[in-house]
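S.K.: Data file my_file.pdb (PDB, C-alpha atoms, pLDDT in the B column) is appended below.
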```
MODEL        1
ATOM      1  CA  MET A   1      10.167   9.118 -17.162  1.00 43.00           C
ATOM      2  CA  LYS A   2      11.720   6.595 -14.803  1.00 44.00           C
ATOM      3  CA  ILE A   3      13.403   3.399 -15.949  1.00 41.00           C
ATOM      4  CA  SER A   4      15.454   1.640 -13.341  1.00 42.00           C
ATOM      5  CA  PHE A   5      17.082  -1.234 -15.199  1.00 39.00           C
ATOM      6  CA  GLY A   6      20.437   0.412 -14.482  1.00 39.00           C
ATOM      7  CA  ARG A   7      20.130  -0.318 -10.762  1.00 40.00           C
ATOM      8  CA  PRO A   8      21.630  -3.684  -9.723  1.00 38.00           C
ATOM      9  CA  TRP A   9      18.806  -4.477  -7.326  1.00 39.00           C
ATOM     10  CA  ALA A  10      16.217  -3.913 -10.033  1.00 40.00           C
ATOM     11  CA  LEU A  11      17.381  -6.997 -11.888  1.00 37.00           C
ATOM     12  CA  LEU A  12      16.292  -9.091  -8.942  1.00 40.00           C
ATOM     13  CA  VAL A  13      12.779  -7.724  -8.892  1.00 43.00           C
ATOM     14  CA  ILE A  14      11.114  -9.828 -11.547  1.00 38.00           C
ATOM     15  CA  SER A  15       7.757 -10.002  -9.788  1.00 44.00           C
ATOM     16  CA  PHE A  16       6.203  -9.461  -6.406  1.00 46.00           C
ATOM     17  CA  GLY A  17       6.890 -13.109  -5.695  1.00 46.00           C
ATOM     18  CA  PHE A  18      10.340 -11.884  -4.711  1.00 40.00           C
ATOM     19  CA  PHE A  19       8.765 -10.177  -1.709  1.00 42.00           C
ATOM     20  CA  ALA A  20       7.105 -13.380  -0.527  1.00 41.00           C
ATOM     21  CA  VAL A  21       3.599 -11.979  -0.966  1.00 42.00           C
ATOM     22  CA  PRO A  22       1.154 -14.826  -0.331  1.00 44.00           C
ATOM     23  CA  ALA A  23       0.234 -16.652  -3.502  1.00 43.00           C
ATOM     24  CA  ILE A  24      -3.279 -16.211  -4.830  1.00 45.00           C
ATOM     25  CA  ALA A  25      -5.295 -19.297  -5.661  1.00 47.00           C
ATOM     26  CA  ASP A  26      -6.274 -19.620  -9.298  1.00 51.00           C
ATOM     27  CA  SER A  27     -10.065 -19.704  -8.794  1.00 73.00           C
ATOM     28  CA  HIS A  28     -11.728 -16.752 -10.449  1.00 91.00           C
ATOM     29  CA  THR A  29     -15.324 -15.605 -10.079  1.00 95.00           C
ATOM     30  CA  PRO A  30     -17.000 -12.620 -11.782  1.00 95.00           C
ATOM     31  CA  SER A  31     -16.229 -10.593  -8.648  1.00 96.00           C
ATOM     32  CA  THR A  32     -12.599 -11.624  -8.252  1.00 97.00           C
ATOM     33  CA  GLU A  33     -11.664 -11.612 -11.950  1.00 97.00           C
ATOM     34  CA  PRO A  34     -11.153  -7.778 -12.101  1.00 97.00           C
ATOM     35  CA  LEU A  35      -9.060  -8.031  -8.939  1.00 98.00           C
ATOM     36  CA  TYR A  36      -6.877 -10.767 -10.421  1.00 97.00           C
ATOM     37  CA  GLN A  37      -6.404  -8.502 -13.440  1.00 97.00           C
ATOM     38  CA  GLN A  38      -5.195  -5.722 -11.131  1.00 98.00           C
ATOM     39  CA  VAL A  39      -2.675  -8.086  -9.530  1.00 97.00           C
ATOM     40  CA  GLY A  40      -1.407  -9.088 -12.974  1.00 97.00           C
ATOM     41  CA  LEU A  41      -0.968  -5.466 -14.039  1.00 97.00           C
ATOM     42  CA  LEU A  42       0.861  -4.546 -10.838  1.00 97.00           C
ATOM     43  CA  ASP A  43       3.167  -7.556 -11.215  1.00 96.00           C
ATOM     44  CA  PHE A  44       3.894  -6.625 -14.828  1.00 96.00           C
ATOM     45  CA  MET A  45       4.904  -3.093 -13.838  1.00 96.00           C
ATOM     46  CA  SER A  46       7.113  -4.097 -10.906  1.00 94.00           C
ATOM     47  CA  PRO A  47      10.421  -4.423 -12.851  1.00 94.00           C
ATOM     48  CA  TYR A  48      10.023  -0.914 -14.250  1.00 94.00           C
ATOM     49  CA  VAL A  49       9.828   1.049 -10.986  1.00 93.00           C
ATOM     50  CA  GLU A  50      12.487   2.294  -8.609  1.00 90.00           C
ATOM     51  CA  ARG A  51      12.971   0.909  -5.114  1.00 86.00           C
ATOM     52  CA  VAL A  52      11.036   3.617  -3.243  1.00 83.00           C
ATOM     53  CA  ASP A  53       8.148   3.236  -5.705  1.00 92.00           C
ATOM     54  CA  MET A  54       8.235  -0.546  -5.351  1.00 93.00           C
ATOM     55  CA  ALA A  55       7.257  -0.141  -1.702  1.00 91.00           C
ATOM     56  CA  ARG A  56       4.148   1.825  -2.660  1.00 93.00           C
ATOM     57  CA  LEU A  57       3.252  -0.650  -5.411  1.00 95.00           C
ATOM     58  CA  LEU A  58       3.630  -3.525  -2.956  1.00 93.00           C
ATOM     59  CA  VAL A  59       1.082  -1.982  -0.589  1.00 94.00           C
ATOM     60  CA  VAL A  60      -1.545  -1.612  -3.321  1.00 96.00           C
ATOM     61  CA  ARG A  61      -0.973  -5.191  -4.464  1.00 96.00           C
ATOM     62  CA  SER A  62      -1.221  -6.434  -0.873  1.00 94.00           C
ATOM     63  CA  THR A  63      -4.555  -4.626  -0.474  1.00 95.00           C
ATOM     64  CA  VAL A  64      -5.951  -6.131  -3.705  1.00 97.00           C
ATOM     65  CA  ASN A  65      -4.743  -9.536  -2.576  1.00 96.00           C
ATOM     66  CA  GLY A  66      -6.490  -9.039   0.765  1.00 95.00           C
ATOM     67  CA  VAL A  67      -9.822  -8.413  -0.947  1.00 97.00           C
ATOM     68  CA  ILE A  68      -9.442 -11.562  -3.078  1.00 97.00           C
ATOM     69  CA  GLN A  69      -8.500 -13.693  -0.085  1.00 96.00           C
ATOM     70  CA  ASP A  70     -11.488 -12.399   1.876  1.00 97.00           C
ATOM     71  CA  MET A  71     -13.916 -13.221  -0.956  1.00 97.00           C
ATOM     72  CA  GLU A  72     -12.488 -16.708  -1.412  1.00 96.00           C
ATOM     73  CA  ALA A  73     -12.542 -17.378   2.333  1.00 96.00           C
ATOM     74  CA  ASN A  74     -16.201 -16.338   2.441  1.00 96.00           C
ATOM     75  CA  LEU A  75     -17.100 -18.900  -0.241  1.00 96.00           C
ATOM     76  CA  ARG A  76     -15.074 -21.668   1.397  1.00 95.00           C
ATOM     77  CA  GLU A  77     -16.857 -21.058   4.693  1.00 96.00           C
ATOM     78  CA  GLY A  78     -20.343 -20.985   3.184  1.00 96.00           C
ATOM     79  CA  ARG A  79     -20.942 -17.240   3.394  1.00 96.00           C
ATOM     80  CA  LYS A  80     -21.912 -14.869   0.616  1.00 96.00           C
ATOM     81  CA  GLU A  81     -18.870 -13.934  -1.436  1.00 97.00           C
ATOM     82  CA  ILE A  82     -19.105 -10.257  -0.459  1.00 96.00           C
ATOM     83  CA  THR A  83     -19.775  -9.392   3.188  1.00 96.00           C
ATOM     84  CA  PHE A  84     -19.597  -6.139   5.149  1.00 94.00           C
ATOM     85  CA  GLN A  85     -15.967  -6.951   5.910  1.00 93.00           C
ATOM     86  CA  THR A  86     -15.297  -7.348   2.182  1.00 96.00           C
ATOM     87  CA  LEU A  87     -16.902  -3.985   1.465  1.00 93.00           C
ATOM     88  CA  ARG A  88     -14.680  -2.333   4.067  1.00 90.00           C
ATOM     89  CA  LEU A  89     -11.621  -3.850   2.401  1.00 93.00           C
ATOM     90  CA  ILE A  90     -12.851  -2.699  -1.022  1.00 94.00           C
ATOM     91  CA  GLN A  91     -13.418   0.803   0.337  1.00 90.00           C
ATOM     92  CA  ASN A  92      -9.847   0.868   1.626  1.00 90.00           C
ATOM     93  CA  LEU A  93      -8.598  -0.205  -1.819  1.00 93.00           C
ATOM     94  CA  ILE A  94     -10.683   2.472  -3.536  1.00 92.00           C
ATOM     95  CA  ILE A  95      -9.223   5.099  -1.208  1.00 88.00           C
ATOM     96  CA  GLN A  96      -5.695   3.884  -1.881  1.00 92.00           C
ATOM     97  CA  TYR A  97      -6.306   4.316  -5.592  1.00 93.00           C
ATOM     98  CA  ARG A  98      -7.936   7.705  -5.064  1.00 89.00           C
ATOM     99  CA  PHE A  99      -4.907   9.004  -3.181  1.00 88.00           C
ATOM    100  CA  SER A 100      -2.409   7.450  -5.574  1.00 93.00           C
ATOM    101  CA  GLN A 101      -3.444   9.422  -8.653  1.00 93.00           C
ATOM    102  CA  VAL A 102      -0.139  11.304  -8.785  1.00 94.00           C
ATOM    103  CA  PHE A 103       1.857   8.138  -8.095  1.00 96.00           C
ATOM    104  CA  PHE A 104       0.239   6.227 -10.979  1.00 97.00           C
ATOM    105  CA  GLY A 105       0.431   9.185 -13.354  1.00 96.00           C
ATOM    106  CA  TRP A 106      -3.346   9.536 -13.638  1.00 96.00           C
ATOM    107  CA  THR A 107      -3.359  13.328 -13.244  1.00 93.00           C
ATOM    108  CA  GLU A 108      -3.363  15.898 -16.029  1.00 92.00           C
ATOM    109  CA  PRO A 109      -0.683  16.945 -16.639  1.00 93.00           C
ATOM    110  CA  ARG A 110       1.124  13.786 -15.589  1.00 93.00           C
ATOM    111  CA  SER A 111       3.513  14.351 -12.677  1.00 92.00           C
ATOM    112  CA  ILE A 112       7.226  13.796 -13.335  1.00 92.00           C
ATOM    113  CA  THR A 113       7.326  11.870 -10.031  1.00 91.00           C
ATOM    114  CA  SER A 114       4.836   9.256 -11.255  1.00 95.00           C
ATOM    115  CA  ILE A 115       5.848   5.702 -12.123  1.00 96.00           C
ATOM    116  CA  TYR A 116       4.755   6.142 -15.736  1.00 96.00           C
ATOM    117  CA  THR A 117       7.103   4.821 -18.412  1.00 95.00           C
ATOM    118  CA  PRO A 118       6.411   3.994 -22.072  1.00 95.00           C
ATOM    119  CA  GLN A 119       6.604   0.326 -21.077  1.00 95.00           C
ATOM    120  CA  THR A 120       3.944   0.690 -18.346  1.00 96.00           C
ATOM    121  CA  GLY A 121       1.630   3.208 -20.016  1.00 96.00           C
ATOM    122  CA  ASP A 122      -0.946   0.695 -21.268  1.00 97.00           C
ATOM    123  CA  SER A 123      -0.963  -1.212 -17.975  1.00 97.00           C
ATOM    124  CA  LEU A 124      -1.460   1.980 -15.992  1.00 98.00           C
ATOM    125  CA  ALA A 125      -4.378   2.947 -18.222  1.00 97.00           C
ATOM    126  CA  LYS A 126      -6.009  -0.472 -17.742  1.00 98.00           C
ATOM    127  CA  LEU A 127      -5.438  -0.272 -13.982  1.00 98.00           C
ATOM    128  CA  LYS A 128      -7.091   3.157 -13.904  1.00 98.00           C
ATOM    129  CA  THR A 129     -10.159   1.768 -15.686  1.00 98.00           C
ATOM    130  CA  LEU A 130     -10.365  -1.169 -13.269  1.00 98.00           C
ATOM    131  CA  SER A 131     -10.070   1.154 -10.269  1.00 96.00           C
ATOM    132  CA  GLU A 132     -12.867   3.364 -11.626  1.00 95.00           C
ATOM    133  CA  ASN A 133     -15.018   0.292 -12.198  1.00 96.00           C
ATOM    134  CA  LEU A 134     -14.642  -0.576  -8.505  1.00 95.00           C
ATOM    135  CA  VAL A 135     -16.175   2.759  -7.580  1.00 92.00           C
ATOM    136  CA  LYS A 136     -19.035   2.292 -10.060  1.00 93.00           C
ATOM    137  CA  GLU A 137     -19.811  -1.255  -8.950  1.00 93.00           C
ATOM    138  CA  TYR A 138     -19.533  -0.906  -5.194  1.00 91.00           C
ATOM    139  CA  GLY A 139     -20.041   2.811  -4.639  1.00 82.00           C
ATOM    140  CA  PHE A 140     -18.009   4.889  -2.245  1.00 73.00           C
ATOM    141  CA  ASP A 141     -18.927   6.504   1.059  1.00 62.00           C
ATOM    142  CA  ASP A 142     -17.223   9.908   1.096  1.00 54.00           C
ATOM    143  CA  SER A 143     -18.009  10.426   4.763  1.00 56.00           C
ATOM    144  CA  PRO A 144     -15.571  12.672   6.663  1.00 50.00           C
ATOM    145  CA  TYR A 145     -15.303   9.884   9.237  1.00 66.00           C
ATOM    146  CA  THR A 146     -13.432   7.281   7.230  1.00 80.00           C
ATOM    147  CA  GLN A 147     -10.944   5.075   9.068  1.00 87.00           C
ATOM    148  CA  ILE A 148      -7.944   5.328   6.739  1.00 91.00           C
ATOM    149  CA  THR A 149      -5.588   6.612   9.432  1.00 95.00           C
ATOM    150  CA  ALA A 150      -6.572   3.921  11.913  1.00 94.00           C
ATOM    151  CA  ASN A 151      -6.354   1.139   9.304  1.00 93.00           C
ATOM    152  CA  THR A 152      -2.991   2.312   7.954  1.00 96.00           C
ATOM    153  CA  PHE A 153      -1.412   2.762  11.370  1.00 97.00           C
ATOM    154  CA  ARG A 154      -2.698  -0.630  12.539  1.00 96.00           C
ATOM    155  CA  GLN A 155      -0.881  -2.188   9.571  1.00 94.00           C
ATOM    156  CA  MET A 156       2.262  -0.258  10.525  1.00 96.00           C
ATOM    157  CA  GLN A 157       1.892  -1.453  14.117  1.00 96.00           C
ATOM    158  CA  ARG A 158       1.582  -5.063  12.946  1.00 94.00           C
ATOM    159  CA  LEU A 159       4.777  -4.762  10.893  1.00 94.00           C
ATOM    160  CA  LEU A 160       6.704  -3.253  13.804  1.00 94.00           C
ATOM    161  CA  LYS A 161       5.708  -6.161  16.029  1.00 94.00           C
ATOM    162  CA  GLN A 162       6.836  -8.671  13.403  1.00 91.00           C
ATOM    163  CA  LEU A 163      10.144  -6.850  12.882  1.00 90.00           C
ATOM    164  CA  GLU A 164      10.899  -6.957  16.591  1.00 89.00           C
ATOM    165  CA  ASP A 165      11.925 -10.618  16.441  1.00 86.00           C
ATOM    166  CA  LEU A 166      14.149 -10.323  13.362  1.00 86.00           C
ATOM    167  CA  PRO A 167      17.975  -9.909  13.361  1.00 83.00           C
ATOM    168  CA  LEU A 168      18.078  -6.315  12.135  1.00 82.00           C
ATOM    169  CA  ASP A 169      20.761  -3.717  12.828  1.00 84.00           C
ATOM    170  CA  ALA A 170      20.563  -2.708  16.511  1.00 88.00           C
ATOM    171  CA  LYS A 171      20.323   1.017  15.763  1.00 89.00           C
ATOM    172  CA  LEU A 172      17.516   0.534  13.255  1.00 88.00           C
ATOM    173  CA  LYS A 173      15.670  -1.798  15.606  1.00 89.00           C
ATOM    174  CA  ALA A 174      15.866   0.797  18.396  1.00 92.00           C
ATOM    175  CA  GLU A 175      14.479   3.479  16.080  1.00 93.00           C
ATOM    176  CA  LEU A 176      11.666   1.174  14.979  1.00 93.00           C
ATOM    177  CA  ARG A 177      10.876   0.382  18.626  1.00 95.00           C
ATOM    178  CA  ALA A 178      10.673   4.121  19.326  1.00 96.00           C
ATOM    179  CA  LEU A 179       7.743   4.288  16.888  1.00 96.00           C
ATOM    180  CA  TRP A 180       5.557   1.976  18.981  1.00 96.00           C
ATOM    181  CA  MET A 181       4.256   4.627  21.373  1.00 97.00           C
ATOM    182  CA  PRO A 182       3.480   7.402  18.835  1.00 97.00           C
ATOM    183  CA  ILE A 183       1.822   4.894  16.499  1.00 98.00           C
ATOM    184  CA  GLY A 184      -0.269   3.484  19.348  1.00 97.00           C
ATOM    185  CA  GLU A 185      -1.275   6.993  20.434  1.00 97.00           C
ATOM    186  CA  THR A 186      -2.223   7.839  16.842  1.00 98.00           C
ATOM    187  CA  ILE A 187      -4.435   4.763  16.569  1.00 97.00           C
ATOM    188  CA  ALA A 188      -6.223   5.744  19.782  1.00 96.00           C
ATOM    189  CA  VAL A 189      -7.058   9.179  18.380  1.00 96.00           C
ATOM    190  CA  ALA A 190      -7.820   7.825  14.907  1.00 94.00           C
ATOM    191  CA  GLU A 191     -10.564   5.562  16.276  1.00 90.00           C
ATOM    192  CA  GLN A 192     -12.749   8.682  16.038  1.00 86.00           C
ATOM    193  CA  GLY A 193     -12.194   8.815  12.283  1.00 88.00           C
ATOM    194  CA  ASP A 194     -10.096  10.845   9.862  1.00 91.00           C
ATOM    195  CA  ARG A 195     -10.567  14.248  11.466  1.00 90.00           C
ATOM    196  CA  PRO A 196      -8.234  17.241  12.059  1.00 93.00           C
ATOM    197  CA  LYS A 197      -6.915  16.007  15.432  1.00 95.00           C
ATOM    198  CA  THR A 198      -6.179  12.626  13.875  1.00 96.00           C
ATOM    199  CA  PHE A 199      -4.044  14.179  11.141  1.00 96.00           C
ATOM    200  CA  GLU A 200      -2.366  16.417  13.701  1.00 97.00           C
ATOM    201  CA  LYS A 201      -1.251  13.301  15.567  1.00 97.00           C
ATOM    202  CA  ALA A 202      -0.378  11.197  12.522  1.00 98.00           C
ATOM    203  CA  VAL A 203       1.673  13.583  10.388  1.00 97.00           C
ATOM    204  CA  PRO A 204       4.658  13.901  12.783  1.00 97.00           C
ATOM    205  CA  VAL A 205       4.880  10.097  12.923  1.00 97.00           C
ATOM    206  CA  ILE A 206       4.971   9.910   9.135  1.00 97.00           C
ATOM    207  CA  ARG A 207       7.764  12.480   9.083  1.00 97.00           C
ATOM    208  CA  GLN A 208       9.627  10.490  11.724  1.00 96.00           C
ATOM    209  CA  VAL A 209       9.455   7.312   9.628  1.00 96.00           C
ATOM    210  CA  ARG A 210      10.622   9.200   6.556  1.00 96.00           C
ATOM    211  CA  THR A 211      13.824  10.234   8.357  1.00 94.00           C
ATOM    212  CA  MET A 212      14.689   6.525   8.534  1.00 93.00           C
ATOM    213  CA  TYR A 213      14.591   5.897   4.770  1.00 92.00           C
ATOM    214  CA  SER A 214      18.374   6.133   4.389  1.00 89.00           C
ATOM    215  CA  GLU A 215      18.703   3.237   6.837  1.00 88.00           C
ATOM    216  CA  PHE A 216      15.972   1.326   5.005  1.00 88.00           C
ATOM    217  CA  ASP A 217      18.028   1.653   1.817  1.00 83.00           C
ATOM    218  CA  GLN A 218      20.969  -0.066   3.473  1.00 79.00           C
ATOM    219  CA  ILE A 219      19.007  -3.259   4.091  1.00 80.00           C
ATOM    220  CA  SER A 220      20.007  -5.901   1.558  1.00 71.00           C
ATOM    221  CA  SER A 221      17.230  -7.609  -0.360  1.00 70.00           C
ATOM    222  CA  SER A 222      18.496 -10.878   1.085  1.00 66.00           C
ATOM    223  CA  GLN A 223      18.179  -9.802   4.706  1.00 78.00           C
ATOM    224  CA  ALA A 224      15.353 -10.828   6.979  1.00 75.00           C
ATOM    225  CA  GLY A 225      12.641  -8.218   7.174  1.00 84.00           C
ATOM    226  CA  PHE A 226      13.316  -6.629   3.782  1.00 88.00           C
ATOM    227  CA  ALA A 227       9.771  -7.151   2.505  1.00 88.00           C
ATOM    228  CA  MET A 228       8.263  -5.864   5.756  1.00 90.00           C
ATOM    229  CA  ILE A 229      10.494  -2.782   5.722  1.00 91.00           C
ATOM    230  CA  MET A 230       9.391  -2.140   2.149  1.00 92.00           C
ATOM    231  CA  GLU A 231       5.749  -2.485   3.142  1.00 93.00           C
ATOM    232  CA  LEU A 232       6.259  -0.087   6.058  1.00 94.00           C
ATOM    233  CA  GLN A 233       7.782   2.447   3.681  1.00 94.00           C
ATOM    234  CA  GLY A 234       4.956   1.942   1.196  1.00 95.00           C
ATOM    235  CA  LEU A 235       2.308   2.519   3.874  1.00 96.00           C
ATOM    236  CA  THR A 236       4.140   5.670   4.940  1.00 96.00           C
ATOM    237  CA  GLU A 237       4.141   7.080   1.410  1.00 95.00           C
ATOM    238  CA  PHE A 238       0.492   6.155   0.828  1.00 95.00           C
ATOM    239  CA  TYR A 239      -0.558   7.935   4.005  1.00 96.00           C
ATOM    240  CA  ALA A 240       1.692  10.914   3.256  1.00 95.00           C
ATOM    241  CA  GLU A 241      -0.198  11.504   0.003  1.00 93.00           C
ATOM    242  CA  PHE A 242      -3.561  10.868   1.671  1.00 94.00           C
ATOM    243  CA  ALA A 243      -2.801  13.396   4.422  1.00 94.00           C
ATOM    244  CA  GLN A 244      -1.046  15.813   2.032  1.00 92.00           C
ATOM    245  CA  VAL A 245       2.264  15.691   3.900  1.00 92.00           C
ATOM    246  CA  ASP A 246       4.967  17.760   2.207  1.00 83.00           C
ATOM    247  CA  ASN A 247       8.076  15.933   1.009  1.00 76.00           C
TER     248      ASN A 247
ENDMDL
END
```
For this file, produce the structure as structure tokens.

M.R.:
Amino acid sequence: MKISFGRPWALLVISFGFFAVPAIADSHTPSTEPLYQQVGLLDFMSPYVERVDMARLLVVRSTVNGVIQDMEANLREGRKEITFQTLRLIQNLIIQYRFSQVFFGWTEPRSITSIYTPQTGDSLAKLKTLSENLVKEYGFDDSPYTQITANTFRQMQRLLKQLEDLPLDAKLKAELRALWMPIGETIAVAEQGDRPKTFEKAVPVIRQVRTMYSEFDQISSSQAGFAMIMELQGLTEFYAEFAQVDN
């Protein structure tokens, strides 16, 4: 069981609004309503998780938010609410849930490393049901040629480019810049899908990012780039579980 109220930084984390995640318009449809519910559950649980887990939670919330924004943009622009692009985003969300079973405490027996607490138990159960309903409603292509590596590393690449212009510690910035080439090379290989050579290329990069966590921890929540660093860490941990990278 993990309760992190004793940590000073935890008192600041009242909701994901702290991380400047884009606000979601209050315009629900039958398709977006379950997604809004997921956002609400994730926001409710945020004060009860530790910092490293917050990064992972932030990534899932960002993915849910991305699906909602895509659906609402489709309607505003006169398209059908759900397009092929929407389905790809939903598939990515389904995969994130599938490879976060241990993290959310959805395995039997429940892992001691999960974010489960007595305060979040009901919310986690509701989130599990909503994630399963996604699979039932939209289906899931279990092809061996999914694009999870490419999609995840593109998001990491985007964050690194955004961090380049921020006033971060010089040593950390140099280490982040050193990730550009291996991440770019991984994306090039990953274009062929999630196959053995893709994992062979990606796993060392994930391990390299993990060695930087101690420096991530030194970044104050008030410093520029904090939310992006957290998202980078969350993407790393999501992919580590997806690719079965040892701690």

S.K.: Calculated over all atoms listed in the file, which of the candidates A:Leu232, A:Leu159, A:Thr211, A:Ile148 has the smallest distance to A:Phe199?

M.R.: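 Of A:Leu232, A:Leu159, A:Thr211, A:Ile148, the one nearest A:Phe199 is A:Ile148, counting all atoms listed in the file.
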
S.K.: Using the chain letters and numbers from the file, give me the residues hit by the PyMOL selection byres ((chain A and resi 155) around 12), as a count of residues only.

M.R.: 28

S.K.: Given the file above and the PyMOL selection byres ((chain A and resi 45) around 10), which residues are selected, and can you give them as an MDAnalysis selection string?

M.R.: chainID A and resid 14:16 40:44 46:49 54 57 115:117 119:121 123:124

S.K.: Find the residues around A:Gln218 up to 12 Å (all atoms listed in the file counted), leave out those fewer than 3 positions away in its own chain, and share them as a list in words.

M.R.: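 So the residues in contact are Trp9, Arg51, Leu168, Asp169, Leu172, Met212, Tyr213, Ser214, Glu215, Ser221, Ser222, Gln223, Phe226, Ile229 and Met230 of chain A.
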
S.K.: Return as number ranges by chain the set of residues that the PyMOL selection byres ((chain A and resi 241) around 12) yields on the displayed structure.

M.R.: A: 56, 95-103, 148-149, 203, 206, 234-240, 242-247

S.K.: Using all atoms listed in the file, which of the listed residues (A:Ala224, A:Val64, A:Ala170, A:Leu75) sits closest to A:Gln38?

M.R.: A:Val64

S.K.: Quick check, in Å to one decimal: how far apart do atom CA of A:Gly105 and atom CA of A:Pro34 lie?

M.R.: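 Value for the atom CA of A:Gly105-atom CA of A:Pro34 distance: 20.6 Å.
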
S.K.: Which value, in Å to one decimal, gives the distance between atom CA of A:Gln69 and atom CA of A:Ser114?

M.R.: 28.8 Å

S.K.: Given all atoms listed in the file as the basis, pick out the residue of A:Thr107, A:Gln147, A:Thr113, A:Thr129 nearest to A:Asn92.

M.R.: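 Going through A:Thr107, A:Gln147, A:Thr113, A:Thr129 one by one, the smallest distance to A:Asn92 is for A:Gln147.
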
S.K.: Between atom CA of A:Pro182 and atom CA of A:Ile94, what distance in Å does the model show, to one decimal?

M.R.: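 Going from atom CA of A:Pro182 over to atom CA of A:Ile94, I get 26.9 Å.
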
S.K.: Which residue is closest to A:Gly66? Choose from A:Gly78, A:Asp53, A:Leu163, A:Val39 and count only C-alpha atoms.

M.R.: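 The shortest atom-to-atom distance to A:Gly66 comes from A:Val39.
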
S.K.: For A:Thr29, which of A:Val135, A:Ala202, A:Val52, A:Ile82 is the closest residue, counting only C-alpha atoms?

M.R.: A:Ile82

S.K.: Calculated over only C-alpha atoms, which of the candidates A:Arg79, A:Gln91, A:Glu191, A:Arg61 has the smallest distance to A:Lys136?

M.R.: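 Of all the options, A:Gln91 lies closest to A:Lys136.
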